[in-house]
>>> print(open('model_8.cif').read())   # mmCIF, C-alpha atoms and all ligand atoms
data_data
loop_
_atom_site.label_atom_id
_atom_site.label_comp_id
_atom_site.auth_asym_id
_atom_site.auth_seq_id
_atom_site.Cartn_x
_atom_site.Cartn_y
_atom_site.Cartn_z
CA MET O 1 39.78 -176.43 -134.52
CA ALA O 2 39.19 -172.79 -133.52
CA ILE O 3 35.81 -171.44 -134.56
CA THR O 4 37.49 -168.86 -136.78
CA ASP O 5 39.22 -171.62 -138.79
CA LEU O 6 36.05 -173.53 -139.65
CA PRO O 7 35.17 -173.48 -143.34
CA GLU O 8 32.52 -170.96 -144.33
CA ARG O 9 30.12 -173.69 -145.49
CA ASP O 10 29.84 -175.03 -141.90
CA VAL O 11 28.84 -171.66 -140.46
CA LEU O 12 25.21 -170.45 -140.48
CA LYS O 13 24.44 -166.74 -140.72
CA VAL O 14 22.20 -164.94 -138.21
CA PRO O 15 19.55 -163.81 -139.05
CA GLN O 16 19.48 -164.81 -142.77
CA ASP O 17 19.62 -168.58 -142.22
CA PHE O 18 16.93 -168.48 -139.52
CA PRO O 19 13.68 -167.46 -141.26
CA PRO O 20 10.70 -167.81 -138.88
CA GLY O 21 8.07 -170.50 -139.24
CA PRO O 22 4.45 -169.58 -140.08
CA LEU O 23 2.53 -167.27 -137.72
CA PHE O 24 5.63 -165.99 -135.89
CA THR O 25 6.64 -169.46 -134.79
CA VAL O 26 10.08 -170.92 -134.22
CA PRO O 27 12.50 -170.98 -137.22
CA PRO O 28 12.35 -174.60 -138.47
CA VAL O 29 16.17 -174.77 -138.83
CA LEU O 30 16.53 -174.73 -135.02
CA ALA O 31 15.03 -178.25 -134.76
CA GLU O 32 17.62 -179.59 -137.16
CA LEU O 33 20.46 -177.93 -135.21
CA ARG O 34 19.18 -179.22 -131.88
CA ASP O 35 19.21 -182.79 -133.23
CA ASN O 36 22.37 -182.76 -135.30
CA ARG O 37 24.57 -179.80 -134.33
CA PRO O 38 23.78 -178.88 -130.71
CA LEU O 39 26.78 -176.55 -130.79
CA CYS O 40 26.66 -174.90 -134.20
CA PRO O 41 29.04 -172.18 -135.40
CA VAL O 42 27.15 -169.08 -136.51
CA GLU O 43 28.25 -165.76 -137.93
CA MET O 44 26.61 -162.68 -136.48
CA PRO O 45 26.04 -159.48 -138.49
CA SER O 46 29.11 -158.05 -136.68
CA GLY O 47 31.19 -160.69 -138.49
CA ASN O 48 31.93 -162.47 -135.17
CA ARG O 49 31.62 -166.22 -135.08
CA LEU O 50 29.91 -167.71 -132.02
CA TRP O 51 28.80 -171.16 -130.87
CA LEU O 52 25.00 -171.34 -131.01
CA VAL O 53 23.51 -173.52 -128.25
CA THR O 54 20.03 -174.89 -128.91
CA ARG O 55 19.20 -177.74 -126.49
CA TYR O 56 17.30 -176.92 -123.29
CA ALA O 57 19.82 -178.62 -120.97
CA ASP O 58 22.75 -176.95 -122.74
CA VAL O 59 21.19 -173.50 -122.63
CA ARG O 60 20.69 -173.84 -118.87
CA PHE O 61 24.24 -175.18 -118.54
CA VAL O 62 25.71 -172.11 -120.30
CA MET O 63 23.55 -169.68 -118.30
CA HIS O 64 24.60 -171.27 -114.99
CA ASP O 65 28.27 -172.08 -115.57
CA PRO O 66 30.61 -169.25 -114.42
CA ARG O 67 33.09 -170.25 -117.13
CA PHE O 68 30.73 -168.43 -119.54
CA SER O 69 30.79 -164.74 -118.78
CA ARG O 70 28.36 -161.96 -119.68
CA ASP O 71 31.15 -159.42 -119.13
CA LEU O 72 31.78 -158.37 -122.73
CA VAL O 73 33.11 -154.92 -121.91
CA PHE O 74 36.45 -155.34 -123.63
CA PRO O 75 37.72 -154.54 -127.11
CA GLY O 76 37.12 -157.35 -129.57
CA ALA O 77 34.40 -158.97 -127.42
CA PRO O 78 31.84 -161.08 -129.30
CA ARG O 79 28.98 -158.89 -130.52
CA MET O 80 25.65 -159.31 -132.31
CA ALA O 81 25.72 -156.40 -134.76
CA GLY O 82 27.93 -153.83 -133.03
CA ASP O 83 28.59 -152.13 -129.70
CA ASP O 84 25.13 -152.61 -128.24
CA LEU O 85 24.06 -152.76 -124.58
CA THR O 86 26.50 -155.63 -123.95
CA SER O 87 29.42 -153.21 -124.43
CA VAL O 88 28.36 -150.78 -121.70
CA GLU O 89 30.63 -150.65 -118.68
CA GLY O 90 28.92 -150.75 -115.27
CA SER O 91 25.62 -152.24 -116.46
CA LEU O 92 24.22 -155.02 -114.29
CA PHE O 93 23.78 -157.10 -117.44
CA ASN O 94 27.52 -157.05 -118.17
CA MET O 95 28.93 -157.77 -114.72
CA GLU O 96 29.87 -161.00 -113.00
CA GLY O 97 30.84 -162.18 -109.51
CA ASP O 98 30.76 -159.96 -106.42
CA ASP O 99 30.17 -156.71 -108.32
CA HIS O 100 27.18 -158.26 -110.07
CA THR O 101 25.79 -159.50 -106.74
CA ARG O 102 26.26 -156.06 -105.13
CA LEU O 103 24.50 -154.16 -107.92
CA ARG O 104 21.79 -156.79 -108.35
CA ALA O 105 20.92 -156.57 -104.63
CA VAL O 106 20.42 -152.80 -104.98
CA LEU O 107 18.18 -153.02 -108.05
CA GLY O 108 16.48 -156.17 -106.77
CA SER O 109 15.21 -154.20 -103.78
CA TYR O 110 12.84 -152.40 -106.19
CA PHE O 111 11.26 -155.59 -107.57
CA THR O 112 9.08 -156.34 -104.56
CA ARG O 113 5.57 -157.77 -104.33
CA ARG O 114 4.40 -154.22 -103.63
CA SER O 115 5.78 -152.83 -106.89
CA VAL O 116 4.30 -155.75 -108.83
CA GLU O 117 0.85 -155.04 -107.33
CA GLN O 118 1.28 -151.36 -108.12
CA TRP O 119 2.07 -152.13 -111.79
CA ARG O 120 -0.73 -154.66 -112.06
CA ALA O 121 -3.20 -151.93 -111.01
CA ALA O 122 -1.57 -149.40 -113.37
CA ALA O 123 -1.67 -151.87 -116.30
CA ARG O 124 -5.39 -152.50 -115.66
CA GLN O 125 -6.14 -148.77 -115.59
CA HIS O 126 -4.16 -148.07 -118.77
CA ALA O 127 -5.75 -151.03 -120.57
CA HIS O 128 -9.23 -149.72 -119.67
CA ASP O 129 -8.35 -146.19 -120.85
CA LEU O 130 -7.04 -147.48 -124.18
CA LEU O 131 -10.05 -149.76 -124.66
CA ASP O 132 -12.39 -146.82 -123.92
CA ARG O 133 -10.59 -144.93 -126.67
CA MET O 134 -10.80 -147.86 -129.09
CA GLU O 135 -14.53 -148.31 -128.42
CA ARG O 136 -15.22 -144.60 -128.87
CA ALA O 137 -13.45 -144.73 -132.27
CA GLY O 138 -15.59 -147.58 -133.65
CA ARG O 139 -15.49 -151.36 -133.85
CA ALA O 140 -12.07 -151.91 -135.43
CA ALA O 141 -8.48 -151.09 -134.48
CA ASP O 142 -4.83 -151.91 -135.04
CA LEU O 143 -3.87 -153.73 -131.86
CA VAL O 144 -0.21 -152.67 -132.16
CA LYS O 145 -0.81 -148.94 -132.59
CA ASP O 146 -3.94 -148.66 -130.47
CA PHE O 147 -3.22 -151.05 -127.61
CA SER O 148 0.14 -152.85 -127.23
CA GLU O 149 2.48 -149.96 -128.03
CA PRO O 150 0.67 -147.26 -126.03
CA LEU O 151 0.14 -149.61 -123.08
CA VAL O 152 3.84 -150.45 -122.91
CA ALA O 153 4.74 -146.77 -123.47
CA ARG O 154 2.64 -145.72 -120.48
CA PHE O 155 4.05 -148.54 -118.36
CA ALA O 156 7.65 -147.72 -119.33
CA GLY O 157 7.00 -144.01 -118.82
CA GLU O 158 5.80 -144.53 -115.29
CA VAL O 159 8.49 -147.04 -114.28
CA MET O 160 11.34 -144.95 -115.69
CA GLY O 161 9.96 -141.43 -115.19
CA ILE O 162 9.93 -140.47 -118.87
CA ASP O 163 7.22 -138.66 -120.82
CA ALA O 164 5.60 -139.85 -124.07
CA ALA O 165 8.02 -137.92 -126.32
CA GLU O 166 11.07 -139.29 -124.47
CA HIS O 167 9.60 -142.77 -124.72
CA ARG O 168 9.07 -142.49 -128.49
CA TRP O 169 12.63 -141.21 -128.87
CA VAL O 170 14.26 -143.87 -126.73
CA GLN O 171 12.19 -146.66 -128.27
CA ALA O 172 13.49 -145.68 -131.71
CA ARG O 173 17.11 -145.62 -130.38
CA ILE O 174 16.66 -149.02 -128.69
CA ARG O 175 15.33 -150.54 -131.90
CA GLU O 176 18.34 -149.14 -133.75
CA GLN O 177 20.61 -150.56 -131.07
CA LEU O 178 19.08 -154.05 -131.31
CA ASP O 179 18.59 -154.04 -135.09
CA LEU O 180 20.43 -157.08 -136.44
CA LEU O 181 20.36 -155.50 -139.88
CA GLY O 182 21.80 -152.18 -138.67
CA THR O 183 25.32 -150.89 -139.34
CA GLU O 184 28.01 -150.86 -136.64
CA GLU O 185 27.86 -147.04 -136.57
CA GLN O 186 24.09 -147.04 -136.11
CA VAL O 187 24.29 -149.54 -133.24
CA ALA O 188 27.11 -147.68 -131.45
CA SER O 189 25.51 -144.27 -131.82
CA ALA O 190 22.16 -145.61 -130.55
CA THR O 191 23.94 -147.11 -127.52
CA ALA O 192 25.57 -143.75 -126.79
CA ALA O 193 22.23 -141.96 -127.16
CA VAL O 194 20.51 -144.32 -124.68
CA ALA O 195 23.38 -143.77 -122.21
CA GLU O 196 22.94 -140.02 -122.54
CA LEU O 197 19.25 -140.20 -121.68
CA ALA O 198 20.04 -142.59 -118.80
CA GLY O 199 22.52 -140.02 -117.45
CA ARG O 200 19.87 -137.30 -117.60
CA LEU O 201 17.35 -139.51 -115.77
CA VAL O 202 19.86 -140.20 -113.00
CA ASP O 203 20.61 -136.46 -112.66
CA ARG O 204 16.91 -135.62 -112.67
CA ALA O 205 16.18 -138.12 -109.87
CA GLY O 206 19.22 -136.83 -107.94
CA ASP O 207 18.21 -133.16 -108.29
CA ALA O 208 14.66 -133.88 -107.20
CA GLU O 209 15.97 -135.86 -104.22
CA ASP O 210 13.44 -138.40 -105.45
CA VAL O 211 12.17 -140.53 -102.58
CA SER O 212 9.83 -142.63 -104.76
CA PRO O 213 10.32 -146.40 -104.83
CA GLY O 214 11.03 -146.37 -108.62
CA PRO O 215 14.12 -148.13 -110.01
CA VAL O 216 15.94 -144.93 -111.02
CA ALA O 217 15.46 -143.41 -107.57
CA THR O 218 16.50 -146.71 -105.97
CA LEU O 219 19.80 -146.66 -107.91
CA VAL O 220 20.38 -142.96 -107.22
CA ARG O 221 19.92 -143.46 -103.46
CA ALA O 222 22.49 -146.29 -103.60
CA VAL O 223 24.96 -143.92 -105.31
CA ARG O 224 24.40 -141.42 -102.53
CA ASP O 225 24.94 -144.16 -99.92
CA GLY O 226 28.19 -145.22 -101.61
CA ALA O 227 26.91 -148.72 -102.44
CA ILE O 228 27.32 -148.29 -106.21
CA SER O 229 29.03 -145.80 -108.53
CA ARG O 230 27.27 -143.20 -110.68
CA GLN O 231 28.40 -145.05 -113.78
CA GLU O 232 26.80 -148.27 -112.51
CA ALA O 233 23.54 -146.39 -111.91
CA VAL O 234 23.57 -144.75 -115.36
CA SER O 235 24.48 -147.95 -117.24
CA THR O 236 21.86 -149.98 -115.39
CA VAL O 237 19.21 -147.32 -116.10
CA GLY O 238 20.17 -147.72 -119.79
CA LEU O 239 19.61 -151.47 -119.49
CA LEU O 240 16.23 -150.91 -117.84
CA LEU O 241 15.16 -148.52 -120.58
CA MET O 242 15.61 -151.43 -122.99
CA ASN O 243 13.90 -153.96 -120.74
CA VAL O 244 10.74 -151.96 -120.13
CA THR O 245 10.43 -150.66 -123.67
CA ASP O 246 10.87 -153.41 -126.20
CA PRO O 247 10.36 -157.00 -124.98
CA LEU O 248 6.78 -156.51 -123.80
CA VAL O 249 5.19 -155.35 -127.07
CA PRO O 250 5.70 -158.62 -129.03
CA PRO O 251 4.10 -160.98 -126.48
CA LEU O 252 1.30 -158.50 -125.96
CA THR O 253 0.59 -158.56 -129.70
CA VAL O 254 1.57 -162.06 -130.86
CA GLY O 255 0.06 -163.46 -127.67
CA VAL O 256 -3.34 -161.93 -128.42
CA MET O 257 -3.17 -163.30 -131.96
CA THR O 258 -2.22 -166.77 -130.72
CA LEU O 259 -5.00 -166.81 -128.13
CA LEU O 260 -7.51 -165.80 -130.82
CA LEU O 261 -6.28 -168.74 -132.89
CA HIS O 262 -6.77 -171.08 -129.89
CA SER O 263 -10.28 -170.06 -128.92
CA GLY O 264 -10.85 -173.09 -126.63
CA GLN O 265 -7.93 -172.10 -124.42
CA LEU O 266 -9.01 -168.45 -124.53
CA ALA O 267 -12.46 -169.54 -123.30
CA ASP O 268 -10.74 -171.49 -120.49
CA CYS O 269 -8.97 -168.29 -119.35
CA LEU O 270 -12.19 -166.29 -119.46
CA ARG O 271 -13.87 -168.97 -117.34
CA ASP O 272 -10.93 -169.23 -114.90
CA PRO O 273 -8.92 -165.97 -114.63
CA GLN O 274 -6.20 -167.80 -112.64
CA LEU O 275 -5.13 -169.14 -116.05
CA TRP O 276 -4.06 -165.77 -117.53
CA PRO O 277 -0.50 -166.01 -116.12
CA GLU O 278 -0.31 -169.55 -117.57
CA ALA O 279 -1.35 -168.11 -120.93
CA VAL O 280 1.46 -165.55 -120.66
CA ARG O 281 4.06 -168.20 -119.81
CA GLU O 282 2.94 -170.41 -122.69
CA VAL O 283 3.03 -167.45 -125.11
CA LEU O 284 6.57 -166.69 -123.94
CA ARG O 285 7.60 -170.33 -124.30
CA TYR O 286 5.91 -170.83 -127.67
CA HIS O 287 7.05 -167.63 -129.39
CA ASN O 288 9.85 -166.43 -127.17
CA ASN O 289 11.70 -163.25 -127.92
CA GLY O 290 14.33 -163.17 -130.64
CA ILE O 291 16.17 -166.06 -132.28
CA THR O 292 18.92 -165.85 -129.67
CA ASN O 293 19.80 -164.29 -126.33
CA PHE O 294 22.85 -162.03 -125.95
CA PRO O 295 26.35 -163.56 -126.21
CA ARG O 296 28.69 -164.79 -123.50
CA VAL O 297 32.43 -165.43 -123.68
CA ALA O 298 34.24 -168.61 -122.56
CA LEU O 299 36.76 -167.81 -119.80
CA GLU O 300 38.47 -171.19 -120.30
CA ASP O 301 38.27 -174.14 -122.67
CA VAL O 302 35.01 -176.06 -122.26
CA GLU O 303 34.17 -179.36 -123.93
CA ARG O 304 30.52 -180.23 -124.76
CA HIS O 305 29.13 -182.82 -127.17
CA GLY O 306 32.66 -183.47 -128.43
CA VAL O 307 33.12 -179.83 -129.43
CA ARG O 308 35.82 -177.72 -127.82
CA ILE O 309 34.78 -174.17 -127.06
CA ALA O 310 38.12 -172.44 -126.70
CA LYS O 311 38.89 -169.75 -124.13
CA GLY O 312 37.93 -166.36 -125.61
CA GLU O 313 35.36 -167.74 -128.03
CA GLY O 314 31.80 -166.45 -127.93
CA VAL O 315 28.76 -168.57 -127.08
CA ILE O 316 25.17 -167.61 -127.77
CA THR O 317 22.10 -169.42 -126.44
CA SER O 318 18.74 -169.71 -128.13
CA ALA O 319 16.02 -169.78 -125.47
CA LEU O 320 13.60 -170.08 -128.37
CA ALA O 321 15.20 -173.33 -129.55
CA ALA O 322 15.37 -174.57 -125.94
CA ALA O 323 11.66 -173.86 -125.45
CA HIS O 324 10.89 -176.18 -128.38
CA ASP O 325 13.22 -178.98 -127.33
CA PRO O 326 11.26 -182.26 -127.21
CA ARG O 327 13.82 -183.48 -124.64
CA ALA O 328 12.24 -180.99 -122.20
CA PHE O 329 8.68 -180.41 -123.47
CA THR O 330 5.98 -182.81 -124.65
CA ASP O 331 4.74 -181.79 -128.12
CA PRO O 332 6.64 -178.49 -127.97
CA GLY O 333 5.10 -177.30 -131.25
CA VAL O 334 1.63 -177.37 -129.69
CA PHE O 335 0.39 -174.23 -127.92
CA ASP O 336 -0.96 -175.60 -124.65
CA LEU O 337 -1.35 -173.35 -121.63
CA HIS O 338 -2.37 -176.38 -119.56
CA ARG O 339 0.97 -178.13 -120.12
CA GLU O 340 2.58 -179.81 -117.13
CA GLU O 341 6.18 -178.69 -117.73
CA LYS O 342 6.56 -175.32 -116.06
CA GLY O 343 10.30 -174.79 -116.32
CA SER O 344 11.63 -172.75 -119.21
CA VAL O 345 14.38 -170.35 -120.04
CA PHE O 346 12.49 -167.45 -121.59
CA PHE O 347 13.51 -165.33 -118.58
CA GLY O 348 17.03 -166.76 -118.59
CA ALA O 349 18.54 -168.86 -115.78
CA GLY O 350 21.36 -168.58 -113.26
CA PRO O 351 22.83 -165.34 -111.90
CA HIS O 352 21.41 -163.14 -114.70
CA PHE O 353 17.84 -164.48 -114.40
CA CYS O 354 15.43 -161.71 -115.41
CA LEU O 355 14.75 -159.38 -112.50
CA GLY O 356 11.50 -158.22 -114.10
CA SER O 357 10.00 -161.67 -114.71
CA VAL O 358 7.21 -161.41 -112.12
CA LEU O 359 6.44 -157.85 -113.19
CA ALA O 360 6.37 -158.80 -116.89
CA VAL O 361 3.98 -161.72 -116.32
CA ALA O 362 1.72 -159.56 -114.12
CA VAL O 363 1.52 -156.74 -116.69
CA LEU O 364 0.93 -159.08 -119.64
CA ALA O 365 -1.66 -161.21 -117.80
CA THR O 366 -3.54 -158.07 -116.72
CA ALA O 367 -3.48 -156.69 -120.26
CA TYR O 368 -4.78 -159.96 -121.81
CA ALA O 369 -7.48 -160.31 -119.16
CA THR O 370 -8.71 -156.73 -119.51
CA LEU O 371 -8.71 -156.86 -123.31
CA PHE O 372 -10.59 -160.14 -123.66
CA GLU O 373 -13.03 -159.48 -120.79
CA ARG O 374 -13.96 -156.09 -122.24
CA LEU O 375 -14.14 -157.27 -125.87
CA PRO O 376 -15.36 -160.88 -125.82
CA GLY O 377 -16.16 -160.65 -129.56
CA LEU O 378 -12.59 -159.67 -130.48
CA ARG O 379 -11.41 -161.25 -133.75
CA LEU O 380 -8.70 -160.83 -136.37
CA SER O 381 -9.83 -158.73 -139.34
CA VAL O 382 -7.30 -160.35 -141.66
CA GLU O 383 -6.29 -163.84 -142.57
CA PRO O 384 -3.65 -164.79 -139.91
CA HIS O 385 -1.02 -165.71 -142.52
CA ALA O 386 -1.34 -162.21 -144.01
CA VAL O 387 -0.09 -160.57 -140.78
CA GLU O 388 3.35 -159.13 -141.55
CA LYS O 389 6.40 -159.04 -139.31
CA ALA O 390 7.79 -155.63 -138.36
CA ASP O 391 11.18 -154.99 -140.02
CA GLY O 392 14.56 -155.33 -138.42
CA GLY O 393 13.53 -155.68 -134.77
CA PHE O 394 15.33 -158.12 -132.51
CA PHE O 395 11.96 -159.43 -131.29
CA ALA O 396 9.54 -160.94 -133.81
CA CYS O 397 6.43 -158.74 -133.75
CA PRO O 398 3.62 -158.00 -136.20
CA ALA O 399 3.96 -154.59 -137.88
CA ALA O 400 0.19 -154.21 -137.40
CA LEU O 401 -2.58 -156.46 -136.11
CA PRO O 402 -6.00 -155.43 -137.50
CA VAL O 403 -8.81 -156.57 -135.18
CA SER O 404 -12.54 -155.91 -134.86
CA TRP O 405 -15.23 -156.74 -132.30
C1 LIG T 501 8.49 -160.60 -121.55
C2 LIG T 501 9.39 -159.75 -121.19
C3 LIG T 501 10.80 -160.09 -120.79
C4 LIG T 501 11.60 -161.14 -121.16
C5 LIG T 501 11.27 -162.29 -122.11
C6 LIG T 501 12.87 -160.98 -120.47
C7 LIG T 501 13.95 -161.85 -120.59
C8 LIG T 501 15.16 -161.71 -119.94
C9 LIG T 501 16.29 -162.60 -120.09
C10 LIG T 501 16.33 -163.83 -120.99
C11 LIG T 501 17.30 -162.14 -119.29
C12 LIG T 501 18.68 -162.81 -119.06
C13 LIG T 501 19.63 -162.59 -120.18
C14 LIG T 501 20.92 -163.39 -120.06
O1 LIG T 501 21.17 -164.10 -119.08
O2 LIG T 501 21.71 -163.29 -121.01
C15 LIG T 501 16.82 -160.94 -118.65
C16 LIG T 501 17.54 -160.16 -117.79
C17 LIG T 501 17.06 -159.04 -117.18
N1 LIG T 501 15.75 -158.54 -117.24
FE1 LIG T 501 14.24 -159.28 -118.35
N2 LIG T 501 12.81 -159.87 -119.68
C18 LIG T 501 11.56 -159.29 -119.84
C19 LIG T 501 11.08 -158.16 -119.22
C20 LIG T 501 11.75 -157.44 -118.29
C21 LIG T 501 11.23 -156.27 -117.58
C22 LIG T 501 9.83 -155.70 -117.79
C23 LIG T 501 12.22 -155.84 -116.75
C24 LIG T 501 12.25 -154.67 -115.80
C25 LIG T 501 11.27 -153.91 -115.48
C26 LIG T 501 13.36 -156.73 -116.91
C27 LIG T 501 14.57 -156.61 -116.24
C28 LIG T 501 15.67 -157.42 -116.45
C29 LIG T 501 16.98 -157.16 -115.87
C30 LIG T 501 17.33 -156.00 -114.95
C31 LIG T 501 17.84 -158.17 -116.32
C32 LIG T 501 19.33 -158.32 -116.01
C33 LIG T 501 19.55 -159.19 -114.81
C34 LIG T 501 21.04 -159.44 -114.57
O3 LIG T 501 21.85 -159.30 -115.49
O4 LIG T 501 21.36 -159.78 -113.42
N3 LIG T 501 13.04 -157.69 -117.84
N4 LIG T 501 15.50 -160.71 -119.05
#
>>> encode(input="model_8.cif", output="structure tokens", more="lines below")
Ligand code: HEM
Amino acid sequence: MAITDLPERDVLKVPQDFPPGPLFTVPPVLAELRDNRPLCPVEMPSGNRLWLVTRYADVRFVMHDPRFSRDLVFPGAPRMAGDDLTSVEGSLFNMEGDDHTRLRAVLGSYFTRRSVEQWRAAARQHAHDLLDRMERAGRAADLVKDFSEPLVARFAGEVMGIDAAEHRWVQARIREQLDLLGTEEQVASATAAVAELAGRLVDRAGDAEDVSPGPVATLVRAVRDGAISRQEAVSTVGLLLMNVTDPLVPPLTVGVMTLLLHSGQLADCLRDPQLWPEAVREVLRYHNNGITNFPRVALEDVERHGVRIAKGEGVITSALAAAHDPRAFTDPGVFDLHREEKGSVFFGAGPHFCLGSVLAVAVLATAYATLFERLPGLRLSVEPHAVEKADGGFFACPAALPVSW
């Protein structure tokens, strides 16, 4: 039966039917789906019905199999809440095949060991500056407002060549674009606004004949060399604005909270700094970002677990559910940075695997290390269950995290 013909009672609604577990943990319903409905029909806020994939092996299968395409740049394509970044023509995220490989090679040339080392040093410097400010102001702070958000803002500003005001503006637009509770108009107009800023950044780098190794300049040089089109550069800059702005703040905040709640493992990291990247990876596995990833569309009929996904139907993976699959992880509900299983899908898998994964781990590990080494007495100032989730965002993040030291 086509997904659109299934009775309403069989279809779960995203996000309403997926309330999170305690302390920003995985929505309990995902365990039930993994066991009993590994391909479950869900309705997105856009009204589109998609097949939700929750088992680790199935999530990897969908991300690797070319019959599931991330090219959703066509009218009527499956959407989350509206025409978000998946609708943008020319973006690396939305391309497949040879064009994807061509554009990915251009952008990939920026993500070198050298740029990672450069950002590690920058993250350390910014973390120290912010901690100096926090210490000058007293012995208490809101970790979101005083540390995570400004650290990511400075990082994003430097990577993308935007100032603080532009960052604040684009962060608000990106949150509107990814807001699952937003209207279709809000999502589409936020997408257009991000594209407009991306266009200005490309022009600015072109005018300045920017020779820096930054990602915008890298794309602009490739336009000049004829390797990619201007539209591909602009759309991919729009994608990068999202990637450097929003997904780093939640692990930087929730991760600190989770480490404070697992003081033995925090002490292990302080004793052996090599463990900080492991702490980051376990935070990303344990909490992950968002209930689901972005959709894909089936290019032909595919059968899995006795369910037929018909050509043209949308499929959406949950890396969060996959990261808690007991078929892949021992005691997945336990936060354990010493765990043996290293594989996960929080950075995706297959051709669209996150280009910024090494950079993201380096920045987060540096931020955790600097924070906890400078403030060994850091503690939550509120009862952990009283920490509230920020509204609307795609990524589960505390609205504020009061701490003292
Ligand atoms: C903790 C932070 C991050 C997480 C959890 C994350 C996760 C992901 C995931 C799951 C995908 C694949 C989506 C799919 O296949 O549908 C992806 C793609 C991507 N990410 Fe990240 N990301 C993070 C940070 C970053 C950063 C900081 C950058 C850049 C500076 C970045 C750049 C990219 C790019 C360019 C792609 C698209 C690759 C392609 O389509 O070929 N990401 N990311």
>>> residues_around(input="model_8.cif", residues="Arg37 in chain O", least_positions_apart="5", cutoff="12 Å", atoms="only C-alpha atoms", output="list in words")
Asp10, Val11, Leu12, Val29, Leu30, Ala31, Glu32, Val42, Trp51, Leu52, Val53, Thr54, Arg55, Arg304, His305, Gly306 and Val307 of chain O
>>> residues_near_ligand(input="model_8.cif", ligand="ligand LIG 501 (chain T)", cutoff="6 Å", atoms="only C-alpha atoms and all ligand atoms", output="ChimeraX atom specification")
/O:92-93,104,240,243-244,247-248,289,293-294,346-348,351-357,360
>>> atom_distance(input="model_8.cif", atom1="CA of Asp179 in chain O", atom2="CA of Thr101 in chain O")
29.8 Å
>>> atom_distance(input="model_8.cif", atom1="CA of Leu197 in chain O", atom2="CA of Trp169 in chain O")
9.8 Å
>>> residues_near_point(input="model_8.cif", point="(28.6, -162.9, -137.4)", cutoff="8 Å", atoms="all atoms listed in the file", output="JSON, numbers by chain")
{"O": [13, 14, 42, 43, 44, 45, 46, 47, 48, 49, 50, 79, 80, 81]}
>>> atom_distance(input="model_8.cif", atom1="CA of Ala57 in chain O", atom2="CA of Arg339 in chain O")
18.9 Å
>>> closest_residue(input="model_8.cif", among="O:Leu364, O:Ala192, O:Ala399, O:Leu375", to="Ala121 in chain O", atoms="only C-alpha atoms")
O:Leu364
>>> closest_residue(input="model_8.cif", among="O:Ala77, O:Leu131, O:Leu33, O:Ala205", to="Phe18 in chain O", atoms="all atoms listed in the file")
O:Leu33
>>> closest_residue(input="model_8.cif", among="O:Leu252, O:Leu266, O:Val220, O:Val194", to="Pro150 in chain O", atoms="all atoms listed in the file")
O:Leu252
>>> residues_around(input="model_8.cif", residues="Ala122 in chain O", least_positions_apart="4", cutoff="10 Å", atoms="all atoms listed in the file", output="list in words")
Val116, Glu117, Gln118, His126, Ala127, His128, Leu151, Arg154, Phe155, Glu158, Val363 and Thr366 of chain O
>>> axis_aligned_box(input="model_8.cif", around="range 124-129 of chain O", padding_each_side="5 Å", output="JSON")
{"center_x": -6.7, "center_y": -149.3, "center_z": -118.2, "size_x": 15.1, "size_y": 16.3, "size_z": 15.3}
>>> closest_residue(input="model_8.cif", among="O:Leu178, O:Ala400, O:Ala279, O:Leu270", to="Glu373 in chain O", atoms="all atoms listed in the file")
O:Leu270
>>> residues_around(input="model_8.cif", residues="Pro251 in chain O", least_positions_apart="5", cutoff="12 Å", atoms="only C-alpha atoms", output="VMD selection string")
chain O and resid 24 144 148 to 149 152 246 256 to 259 279 to 290 346 360 to 361 363 to 365 367 to 368 395 to 398
>>> residues_around(input="model_8.cif", residues="Ser189 in chain O", least_positions_apart="4", cutoff="9 Å", atoms="all atoms listed in the file", output="list in words")
Asp83, Arg173, Glu176, Gln177, Glu184, Glu185, Ala193 and Val194 of chain O
>>> closest_residue(input="model_8.cif", among="O:Arg113, O:Arg139, O:Lys342, O:Arg67", to="Gly97 in chain O", atoms="all atoms listed in the file")
O:Arg67
>>> closest_residue(input="model_8.cif", among="O:Leu275, O:Val106, O:Ala369, O:Leu39", to="Thr317 in chain O", atoms="only C-alpha atoms")
O:Leu39
>>> residues_near_point(input="model_8.cif", point="(2.2, -155.2, -114.4)", cutoff="6 Å", atoms="all atoms listed in the file", output="MDAnalysis selection string")
chainID O and resid 116 119:120 123 359 362:363
>>> build_atoms(input="model_8.cif", residues="range 230-235 of chain O", atoms="N, CA and C atoms", output="PDB file, keeping the file's coordinate frame")
ATOM      1  N   ARG O 230      28.211-143.873-109.781  1.00  0.00           N
ATOM      2  CA  ARG O 230      27.270-143.200-110.680  1.00  0.00           C
ATOM      3  C   ARG O 230      27.219-143.930-112.017  1.00  0.00           C
ATOM      4  N   GLN O 231      28.388-144.360-112.487  1.00  0.00           N
ATOM      5  CA  GLN O 231      28.400-145.050-113.780  1.00  0.00           C
ATOM      6  C   GLN O 231      27.549-146.325-113.740  1.00  0.00           C
ATOM      7  N   GLU O 232      27.617-147.051-112.622  1.00  0.00           N
ATOM      8  CA  GLU O 232      26.800-148.270-112.510  1.00  0.00           C
ATOM      9  C   GLU O 232      25.310-147.914-112.553  1.00  0.00           C
ATOM     10  N   ALA O 233      24.952-146.803-111.891  1.00  0.00           N
ATOM     11  CA  ALA O 233      23.540-146.390-111.910  1.00  0.00           C
ATOM     12  C   ALA O 233      23.121-146.027-113.334  1.00  0.00           C
ATOM     13  N   VAL O 234      23.936-145.215-114.007  1.00  0.00           N
ATOM     14  CA  VAL O 234      23.570-144.750-115.360  1.00  0.00           C
ATOM     15  C   VAL O 234      23.473-145.947-116.317  1.00  0.00           C
ATOM     16  N   SER O 235      24.455-146.829-116.289  1.00  0.00           N
ATOM     17  CA  SER O 235      24.480-147.950-117.240  1.00  0.00           C
ATOM     18  C   SER O 235      23.327-148.900-116.985  1.00  0.00           C
TER      19      SER O 235
END
